[in-house]
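Reading through the structure tokens given below for one structure.
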Amino acid sequence: MTRVEAVELVKRYGSFVAVDKVTLRAREGELVTILGPSGCGKSTTLRMLAGLIPPDWGRIFFDERDVTSLPPDKRNIGFVFQRVALFPHMNVYKNVAFGLEMRKLPKRVIQEKVKEALRLVHMEGYEDRMPSQLSGGQAQRVEIARVLATDPEVLLFDEPLSNIDAKLKDELKYEIRRIQRETRKTMIYVTHDQAEAFAISDRVYVMNNGRIEQEGSPLEIYTNPRTPFIAAFIGTTNFIETSIKEYDEKGGIATLEAAGLEIRVRHPSILDKRKRYFISIRPEDIKVINPNDQKSYLNAFKGTVEDTIFIGTTVRLNININGLVLKVDTYGAERFNFLDSKGKEIVIGFDSPTILNM
Amino acid sequence: MGRRWAALPLITPAIALQSLFFFLPLFMILLVSFTSRDSFFFSPLYTFDNYVKMFRIYRIDFQNTFFLAGMAGLIDIIIGYPFAYILLRKVTRFADVFRAILIIPLFGELYIAYGLLYLILPGGPVSRLLDALGISPLDVLYSAPMAIFGMSLYTLPFVVYNIGISLQGIDRSYEEAARCLGASRLKTFLRVTLPLSLPGIITGWLTSFGWNLGTFAIPVLLGGPILGTRVLANQIWTTSLVTSDFGMGAAIGVMVVAITMVVFYIVVKLSRGVLV
Amino acid sequence: MGRSIYERLSPILSYLYLILVCTAILLPLSITLYRAIVVSKPDGSITISLQSYTMISEAFWDKVLVNISISLLTVLIDVAVAVPVAYALVKYEFKAKRLIFTYLNGVWYVPGISYGLALVLSYYFVYKFLLGFWGFVVAYSTGFMLLALLTAIVAFRNLDPVYEEAARCLGAGRLKTFFKVTLPLVGPGITAGVVLILVLSLNEFITALLLSGPTRVKTAPLQVFSDIRHAGIQPFVAAEATVLQLVSLAIVILYLKFFGTKYLRGAIMI
Ligand SMILES: Nc1ncnc2c1ncn2[C@@H]1O[C@H](COP(=O)(O)OP(=O)(O)OP(=O)(O)O)[C@@H](O)[C@H]1O
Ligand SMILES: [Mg+2]
């Protein structure tokens, strides 16, 4: 098991900064994801970790070893690509054996290891197939087997599931998690899919515009996004721009104002009275409540249903409160009651929203 | 319904042009190749003789042509592979200048032959150097290597093109995967890049070979009086238009076409990227 | 930081290699040019002079003009014939598409020497009226049409159909759309074919050699060839040899200056 540490990695293309002082860490046996929108620099970061491209600045350590200037073949890594990269001129066996041959292992050992790797990904019996005769999911499994066969110190996965259909993707992501657990290898996994990242990772780095914006467990990032970008990128949310109305530095409850509404927030940190803040409330955190229950919620407002949208597991209501429109999700059997509630008056309630610097 | 035939007027002129002035002449040369000497012009005397005699009388010419064209193709691969590889993978600045320079050999074999001729001829720039080394310029000039060099310059662009197309078809992640699996640069090239670009190498060689089967000026001017006149292109010209043995000239001509067709058929089969 | 020797040396070696090969490619032309314009005096000094060009005979310049007229007519015919087919092959669906393309491709697989002889035979027997200037025009048009076809196909392929669809929706008819929208957009691509045909037909040698006998027309490259054989390495021969090469070079450079290599890639360039 190996610890991976990247310190202030920078990569420029011309004057464009693709990766801007990225620092990240993966502990022994940890599965860390880099999550971010397309073009934010995830692949570039991962390729620097692999040694496929040299960083302009910064250092990379595997345990105590500085590997910054080592070429990929000297790093003992396993890299899985966005697009399947099985060698088209070699069959499955030859593909999986490739890395082992490079390590000059005896033939018998190679045979054993190939077999074991294919078993791990449930692809025994496919040794003689050519890559063109495999389905997308099978090919990706073989690719993972090829990487595992060489017993790499670190696994680097670059959106390995982005070209696979939704159903198989769901299956394979747990498979990858299982394999990582079984082999107990340190793994850095890149994806733009929040559900995928949350389902498998121990820790998540959220990346945007070449920078790491937040680091934490999936739960922390979902419930406590640190920037407006993350709040918007992860799931759906209501953003409200507010100013401070009442605020006690000793802590407790602050009152913020937007569109004439007073919204109460439990504030964890010191706020600056002259500044304006975003607050974010997720649609699933807002409930349609009985008008008599208003007292049991930190915030409760009366509004009109402007629109109803049937999504499937939820019915989303757009509720107009004094001109401020909030998205509210309703669940369970009662959601069907709201389908024709357009124009009706209802009361909604929610607990303390997240407060974000602008 | 109307749409189905709408293409017809657009296609007809081209088909007509090719039928009248390419396929019909081709049929004529085939016909003439089965007649004796210039009898076709008076009362055609049909015979197989030309094909029977051809390989006896002109065996040397076939050998010479195949040897020169084959070697030129080989040289082209050796020079052209790194050229295409570097042009596509290693450089960005001035790449278009190098691309543009590759058009120059298309100006024709005559100019290549003449330029090289002057380079080596007594009194030319290199001859003094050769003199100093004690080599006679004429030994260098009228020799197979010189003709091969000229031919390989002539067809280099086609080889670079063919290899380049197949290199472009190789996904870079194959090579990166090999590096990550522990293969050195050299191993990656030998085990992944080279095998995957093999079709380009083969089509490149065949294309070069096919073009050089018909070269005339290079062997005549650089190959010297013995080697240079005993190639197929020269034989076709002299037998038909100089000594008026149209039957034999046509037969050799048909033979060259047949060989080229087989060669290019393989090229097309191997390179999947046909345009339509 | 941390760059290996390989990474530092590889760009230098790469450029060195390209330059070396390009030097070899440029060698014949530059030697010929050197011979044509550099005069070494008996006292060992060297001067540049265009004197050798004045020694070129009147007859040669006539042949250059003949050559240029043949090339221009060839280009006209080829564009007029090939652009419609290319359009049909790309835009229409019909069964015999592949077959027609292969049929039109045929000429590419026949070496000039055999094609020349075949043409001579057909001119003697069928097309007697072509024994002359027009024999060359027809031969070159047929021989080089494929270049116009290939570049035009690439051009039509690369054209996003939305522009034409937009024009149709805005009320332009099929013909109007073609001339007002399609043609201007594919123009540069078609010009690539024009340049290739110009350059190749200006310098075509082997077919011309065979045709020149029966047609009694001699083109400039043929004159160069016979002068090389008779006058050897006289400076005026070198001067003759450079004339059409420089014209071709000028055409290519001019084209590249306007359109770059974009439209030639995939046709003859990587
Ligand atoms: N070789 C290159 N030259 C110039 N710009 C590049 C190069 N490689 C990447 N970039 C730019 O760097 C940025 C980051 O690219 P990167 O491939 O890391 O994105 P990504 O986060 O992996 O996106 P995706 O999810 O689409 O794969 C992009 O804006 C891209 O255009
Ligand atoms: Mg990426």
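Ordering of the structure tokens sets the chain letters (A, B, ...); residue numbers start at 1 within each chain; ligands are numbered from 1 in the order shown.
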Note to self: Which residues are near ligand 2 - at most 9 Å, using only C-alpha atoms and all ligand atoms? Format: as a PyMOL selection string.
What the structure shows: chain A and resi 38-44+46+81-82+158-159+190-192
Selection file, N, CA and C atoms, as a PDB file, in the first residue's frame:
ATOM      1  N   SER A  38     -16.634  18.954 -17.083  1.00  0.00           N
ATOM      2  CA  SER A  38     -15.775  18.702 -18.237  1.00  0.00           C
ATOM      3  C   SER A  38     -14.817  19.872 -18.469  1.00  0.00           C
ATOM      4  N   GLY A  39     -13.565  19.556 -18.691  1.00  0.00           N
ATOM      5  CA  GLY A  39     -12.576  20.579 -19.009  1.00  0.00           C
ATOM      6  C   GLY A  39     -11.974  21.272 -17.804  1.00  0.00           C
ATOM      7  N   CYS A  40     -12.239  20.764 -16.595  1.00  0.00           N
ATOM      8  CA  CYS A  40     -11.747  21.480 -15.410  1.00  0.00           C
ATOM      9  C   CYS A  40     -10.305  21.112 -15.075  1.00  0.00           C
ATOM     10  N   GLY A  41      -9.763  20.105 -15.747  1.00  0.00           N
ATOM     11  CA  GLY A  41      -8.359  19.761 -15.510  1.00  0.00           C
ATOM     12  C   GLY A  41      -8.159  18.456 -14.768  1.00  0.00           C
ATOM     13  N   LYS A  42      -9.225  17.643 -14.655  1.00  0.00           N
ATOM     14  CA  LYS A  42      -9.108  16.367 -13.941  1.00  0.00           C
ATOM     15  C   LYS A  42      -8.123  15.437 -14.626  1.00  0.00           C
ATOM     16  N   SER A  43      -8.321  15.230 -15.931  1.00  0.00           N
ATOM     17  CA  SER A  43      -7.450  14.303 -16.643  1.00  0.00           C
ATOM     18  C   SER A  43      -6.012  14.788 -16.603  1.00  0.00           C
ATOM     19  N   THR A  44      -5.841  16.086 -16.791  1.00  0.00           N
ATOM     20  CA  THR A  44      -4.488  16.640 -16.778  1.00  0.00           C
ATOM     21  C   THR A  44      -3.796  16.336 -15.452  1.00  0.00           C
ATOM     22  N   LEU A  46      -4.497  13.880 -13.359  1.00  0.00           N
ATOM     23  CA  LEU A  46      -4.246  12.446 -13.244  1.00  0.00           C
ATOM     24  C   LEU A  46      -3.067  12.020 -14.119  1.00  0.00           C
ATOM     25  N   PHE A  81      -8.044   4.188 -18.926  1.00  0.00           N
ATOM     26  CA  PHE A  81      -8.311   5.372 -19.728  1.00  0.00           C
ATOM     27  C   PHE A  81      -9.789   5.640 -19.933  1.00  0.00           C
ATOM     28  N   GLN A  82     -10.066   6.892 -20.273  1.00  0.00           N
ATOM     29  CA  GLN A  82     -11.423   7.333 -20.581  1.00  0.00           C
ATOM     30  C   GLN A  82     -12.044   6.463 -21.670  1.00  0.00           C
ATOM     31  N   ASP A 158      -9.274   7.142 -15.088  1.00  0.00           N
ATOM     32  CA  ASP A 158      -9.759   8.383 -15.709  1.00  0.00           C
ATOM     33  C   ASP A 158     -11.114   8.130 -16.362  1.00  0.00           C
ATOM     34  N   GLU A 159     -12.173   8.453 -15.667  1.00  0.00           N
ATOM     35  CA  GLU A 159     -13.545   8.254 -16.162  1.00  0.00           C
ATOM     36  C   GLU A 159     -13.696   6.940 -16.909  1.00  0.00           C
ATOM     37  N   VAL A 190     -11.110   9.550 -11.347  1.00  0.00           N
ATOM     38  CA  VAL A 190     -11.577  10.815 -11.887  1.00  0.00           C
ATOM     39  C   VAL A 190     -12.958  10.635 -12.495  1.00  0.00           C
ATOM     40  N   THR A 191     -13.859  11.534 -12.198  1.00  0.00           N
ATOM     41  CA  THR A 191     -15.187  11.456 -12.815  1.00  0.00           C
ATOM     42  C   THR A 191     -15.863  12.825 -12.811  1.00  0.00           C
ATOM     43  N   HIS A 192     -16.845  12.974 -13.703  1.00  0.00           N
ATOM     44  CA  HIS A 192     -17.635  14.210 -13.646  1.00  0.00           C
ATOM     45  C   HIS A 192     -19.021  13.904 -13.099  1.00  0.00           C
TER      46      HIS A 192
END
Using backbone DSSP assignments, extract all helix (DSSP H, G or I) residues from stretch 21-223 of chain B; output them as a ChimeraX atom specification.
/B:21-32,39-41,49-57,59-89,95-101,104-107,109-120,125-133,137-141,144-168,172-180,185-196,198-212,217-222
Where does chain A meet ligand 1 within 12 Å, residue by residue, with the nearest atom pair and distance in Å to one decimal for each, counting only C-alpha atoms and all ligand atoms, listed by chain and rising number, as JSON lines?
{"residue": "A:Val10", "atom": "CA", "partner": "ligand 1", "partner_atom_place_in_ligand_line": "12 (O)", "distance": 11.4}
{"residue": "A:Lys11", "atom": "CA", "partner": "ligand 1", "partner_atom_place_in_ligand_line": "12 (O)", "distance": 8.5}
{"residue": "A:Arg12", "atom": "CA", "partner": "ligand 1", "partner_atom_place_in_ligand_line": "5 (N)", "distance": 8.0}
{"residue": "A:Tyr13", "atom": "CA", "partner": "ligand 1", "partner_atom_place_in_ligand_line": "4 (C)", "distance": 4.9}
{"residue": "A:Gly14", "atom": "CA", "partner": "ligand 1", "partner_atom_place_in_ligand_line": "4 (C)", "distance": 7.5}
{"residue": "A:Ser15", "atom": "CA", "partner": "ligand 1", "partner_atom_place_in_ligand_line": "4 (C)", "distance": 9.8}
{"residue": "A:Phe16", "atom": "CA", "partner": "ligand 1", "partner_atom_place_in_ligand_line": "5 (N)", "distance": 7.5}
{"residue": "A:Val17", "atom": "CA", "partner": "ligand 1", "partner_atom_place_in_ligand_line": "12 (O)", "distance": 7.4}
{"residue": "A:Ala18", "atom": "CA", "partner": "ligand 1", "partner_atom_place_in_ligand_line": "12 (O)", "distance": 4.4}
{"residue": "A:Val19", "atom": "CA", "partner": "ligand 1", "partner_atom_place_in_ligand_line": "14 (C)", "distance": 7.2}
{"residue": "A:Asp20", "atom": "CA", "partner": "ligand 1", "partner_atom_place_in_ligand_line": "14 (C)", "distance": 10.5}
{"residue": "A:Ile34", "atom": "CA", "partner": "ligand 1", "partner_atom_place_in_ligand_line": "21 (O)", "distance": 9.1}
{"residue": "A:Leu35", "atom": "CA", "partner": "ligand 1", "partner_atom_place_in_ligand_line": "21 (O)", "distance": 8.5}
{"residue": "A:Gly36", "atom": "CA", "partner": "ligand 1", "partner_atom_place_in_ligand_line": "21 (O)", "distance": 6.5}
{"residue": "A:Pro37", "atom": "CA", "partner": "ligand 1", "partner_atom_place_in_ligand_line": "25 (O)", "distance": 6.0}
{"residue": "A:Ser38", "atom": "CA", "partner": "ligand 1", "partner_atom_place_in_ligand_line": "25 (O)", "distance": 3.5}
{"residue": "A:Gly39", "atom": "CA", "partner": "ligand 1", "partner_atom_place_in_ligand_line": "23 (O)", "distance": 3.4}
{"residue": "A:Cys40", "atom": "CA", "partner": "ligand 1", "partner_atom_place_in_ligand_line": "21 (O)", "distance": 4.0}
{"residue": "A:Gly41", "atom": "CA", "partner": "ligand 1", "partner_atom_place_in_ligand_line": "18 (O)", "distance": 3.1}
{"residue": "A:Lys42", "atom": "CA", "partner": "ligand 1", "partner_atom_place_in_ligand_line": "21 (O)", "distance": 3.8}
{"residue": "A:Ser43", "atom": "CA", "partner": "ligand 1", "partner_atom_place_in_ligand_line": "22 (O)", "distance": 3.6}
{"residue": "A:Thr44", "atom": "CA", "partner": "ligand 1", "partner_atom_place_in_ligand_line": "18 (O)", "distance": 3.7}
{"residue": "A:Thr45", "atom": "CA", "partner": "ligand 1", "partner_atom_place_in_ligand_line": "18 (O)", "distance": 6.4}
{"residue": "A:Leu46", "atom": "CA", "partner": "ligand 1", "partner_atom_place_in_ligand_line": "18 (O)", "distance": 8.0}
{"residue": "A:Arg47", "atom": "CA", "partner": "ligand 1", "partner_atom_place_in_ligand_line": "18 (O)", "distance": 8.3}
{"residue": "A:Met48", "atom": "CA", "partner": "ligand 1", "partner_atom_place_in_ligand_line": "18 (O)", "distance": 9.9}
{"residue": "A:Leu52", "atom": "CA", "partner": "ligand 1", "partner_atom_place_in_ligand_line": "1 (N)", "distance": 11.4}
{"residue": "A:Ile53", "atom": "CA", "partner": "ligand 1", "partner_atom_place_in_ligand_line": "1 (N)", "distance": 9.3}
{"residue": "A:Pro54", "atom": "CA", "partner": "ligand 1", "partner_atom_place_in_ligand_line": "1 (N)", "distance": 11.6}
{"residue": "A:Phe81", "atom": "CA", "partner": "ligand 1", "partner_atom_place_in_ligand_line": "27 (O)", "distance": 10.3}
{"residue": "A:Gln82", "atom": "CA", "partner": "ligand 1", "partner_atom_place_in_ligand_line": "27 (O)", "distance": 7.6}
{"residue": "A:Arg83", "atom": "CA", "partner": "ligand 1", "partner_atom_place_in_ligand_line": "27 (O)", "distance": 10.3}
{"residue": "A:Phe157", "atom": "CA", "partner": "ligand 1", "partner_atom_place_in_ligand_line": "22 (O)", "distance": 11.3}
{"residue": "A:Asp158", "atom": "CA", "partner": "ligand 1", "partner_atom_place_in_ligand_line": "22 (O)", "distance": 7.8}
{"residue": "A:Glu159", "atom": "CA", "partner": "ligand 1", "partner_atom_place_in_ligand_line": "27 (O)", "distance": 7.6}
{"residue": "A:Pro160", "atom": "CA", "partner": "ligand 1", "partner_atom_place_in_ligand_line": "27 (O)", "distance": 10.7}
{"residue": "A:Leu161", "atom": "CA", "partner": "ligand 1", "partner_atom_place_in_ligand_line": "25 (O)", "distance": 11.7}
{"residue": "A:Ser162", "atom": "CA", "partner": "ligand 1", "partner_atom_place_in_ligand_line": "25 (O)", "distance": 9.0}
{"residue": "A:Asn163", "atom": "CA", "partner": "ligand 1", "partner_atom_place_in_ligand_line": "27 (O)", "distance": 11.6}
{"residue": "A:Tyr189", "atom": "CA", "partner": "ligand 1", "partner_atom_place_in_ligand_line": "22 (O)", "distance": 11.4}
{"residue": "A:Val190", "atom": "CA", "partner": "ligand 1", "partner_atom_place_in_ligand_line": "22 (O)", "distance": 7.9}
{"residue": "A:Thr191", "atom": "CA", "partner": "ligand 1", "partner_atom_place_in_ligand_line": "25 (O)", "distance": 7.0}
{"residue": "A:His192", "atom": "CA", "partner": "ligand 1", "partner_atom_place_in_ligand_line": "25 (O)", "distance": 6.0}
{"residue": "A:Asp193", "atom": "CA", "partner": "ligand 1", "partner_atom_place_in_ligand_line": "25 (O)", "distance": 9.4}
{"residue": "A:Val206", "atom": "CA", "partner": "ligand 1", "partner_atom_place_in_ligand_line": "21 (O)", "distance": 10.9}
{"residue": "A:Met207", "atom": "CA", "partner": "ligand 1", "partner_atom_place_in_ligand_line": "21 (O)", "distance": 8.3}
{"residue": "A:Asn208", "atom": "CA", "partner": "ligand 1", "partner_atom_place_in_ligand_line": "21 (O)", "distance": 8.4}
{"residue": "A:Asn209", "atom": "CA", "partner": "ligand 1", "partner_atom_place_in_ligand_line": "14 (C)", "distance": 8.1}
{"residue": "A:Gly210", "atom": "CA", "partner": "ligand 1", "partner_atom_place_in_ligand_line": "14 (C)", "distance": 7.2}
{"residue": "A:Arg211", "atom": "CA", "partner": "ligand 1", "partner_atom_place_in_ligand_line": "21 (O)", "distance": 10.7}
{"residue": "A:Ile212", "atom": "CA", "partner": "ligand 1", "partner_atom_place_in_ligand_line": "21 (O)", "distance": 11.7}
**OP:** Write out as a PyMOL selection string every residue belonging to chain A that has an atom at most 12 Å from any atom of chain B, counting only C-alpha atoms.
**Re:** chain A and resi 47-53+70-90+94-104+143-158
Looking at only C-alpha atoms, which of A:Phe278, A:Glu345, A:Lys169, A:Thr237 is the one that sits closest to A:Lys327?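 Smallest separation from A:Lys327 among the options: A:Thr237.
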Within 12 Å of B:Lys53 using only C-alpha atoms, minus same-chain residues under 6 positions, as a PDB file with N, CA and C atoms, in the first residue's frame:
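Output file out.pdb is given in full below:
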ATOM      1  N   SER B  36       0.415  -9.316 -83.980  1.00  0.00           N
ATOM      2  CA  SER B  36       1.836  -9.430 -84.289  1.00  0.00           C
ATOM      3  C   SER B  36       2.387  -8.104 -84.807  1.00  0.00           C
ATOM      4  N   THR B  47      -2.389 -13.240 -82.290  1.00  0.00           N
ATOM      5  CA  THR B  47      -1.438 -14.236 -81.808  1.00  0.00           C
ATOM      6  C   THR B  47      -1.174 -14.053 -80.311  1.00  0.00           C
ATOM      7  N   ARG B  59      13.187 -10.552 -69.915  1.00  0.00           N
ATOM      8  CA  ARG B  59      13.292 -10.956 -68.515  1.00  0.00           C
ATOM      9  C   ARG B  59      14.143  -9.975 -67.720  1.00  0.00           C
ATOM     10  N   GLY B 247       2.693  -4.527 -81.203  1.00  0.00           N
ATOM     11  CA  GLY B 247       2.154  -5.694 -80.499  1.00  0.00           C
ATOM     12  C   GLY B 247       2.903  -5.952 -79.212  1.00  0.00           C
ATOM     13  N   MET B 248       4.235  -6.002 -79.324  1.00  0.00           N
ATOM     14  CA  MET B 248       5.045  -6.288 -78.152  1.00  0.00           C
ATOM     15  C   MET B 248       4.972  -5.145 -77.137  1.00  0.00           C
ATOM     16  N   GLY B 249       5.058  -3.909 -77.652  1.00  0.00           N
ATOM     17  CA  GLY B 249       4.969  -2.747 -76.761  1.00  0.00           C
ATOM     18  C   GLY B 249       3.685  -2.784 -75.956  1.00  0.00           C
ATOM     19  N   ALA B 251       1.867  -5.383 -75.291  1.00  0.00           N
ATOM     20  CA  ALA B 251       1.860  -6.521 -74.369  1.00  0.00           C
ATOM     21  C   ALA B 251       2.607  -6.174 -73.086  1.00  0.00           C
ATOM     22  N   ILE B 252       3.782  -5.554 -73.236  1.00  0.00           N
ATOM     23  CA  ILE B 252       4.509  -5.157 -72.014  1.00  0.00           C
ATOM     24  C   ILE B 252       3.683  -4.134 -71.241  1.00  0.00           C
TER      25      ILE B 252
END
For chain C, the closest of B:Ala147, B:Ile112, B:Ala69, B:Leu227 counting only C-alpha atoms is B:Ile112
Margin query: Could you list, as a list in words, every residue within 12 Å of A:Glu284, counting only C-alpha atoms and ignoring same-chain residues fewer than 4 positions away?
Written below: Thr223, Gly235, Thr236, Thr237, Asn238, Ser280, Val288, Thr313, Thr314, Val315, Arg316, Leu317, Leu326, Lys327, Val328, Asp329, Thr330, Tyr331, Ile348, Gly349, Phe350, Asp351 and Pro353 of chain A
*Distance filter 7 Å, only C-alpha atoms, chain C against chain B, as a PyMOL selection string*: chain C and resi 11+14+18+22+25+28-29+31-32+81-82+84-85+88+92+94+98+104+107+109-114+118-119+121-122+142+199-200+203-204+206+233+241+245+261+268-270
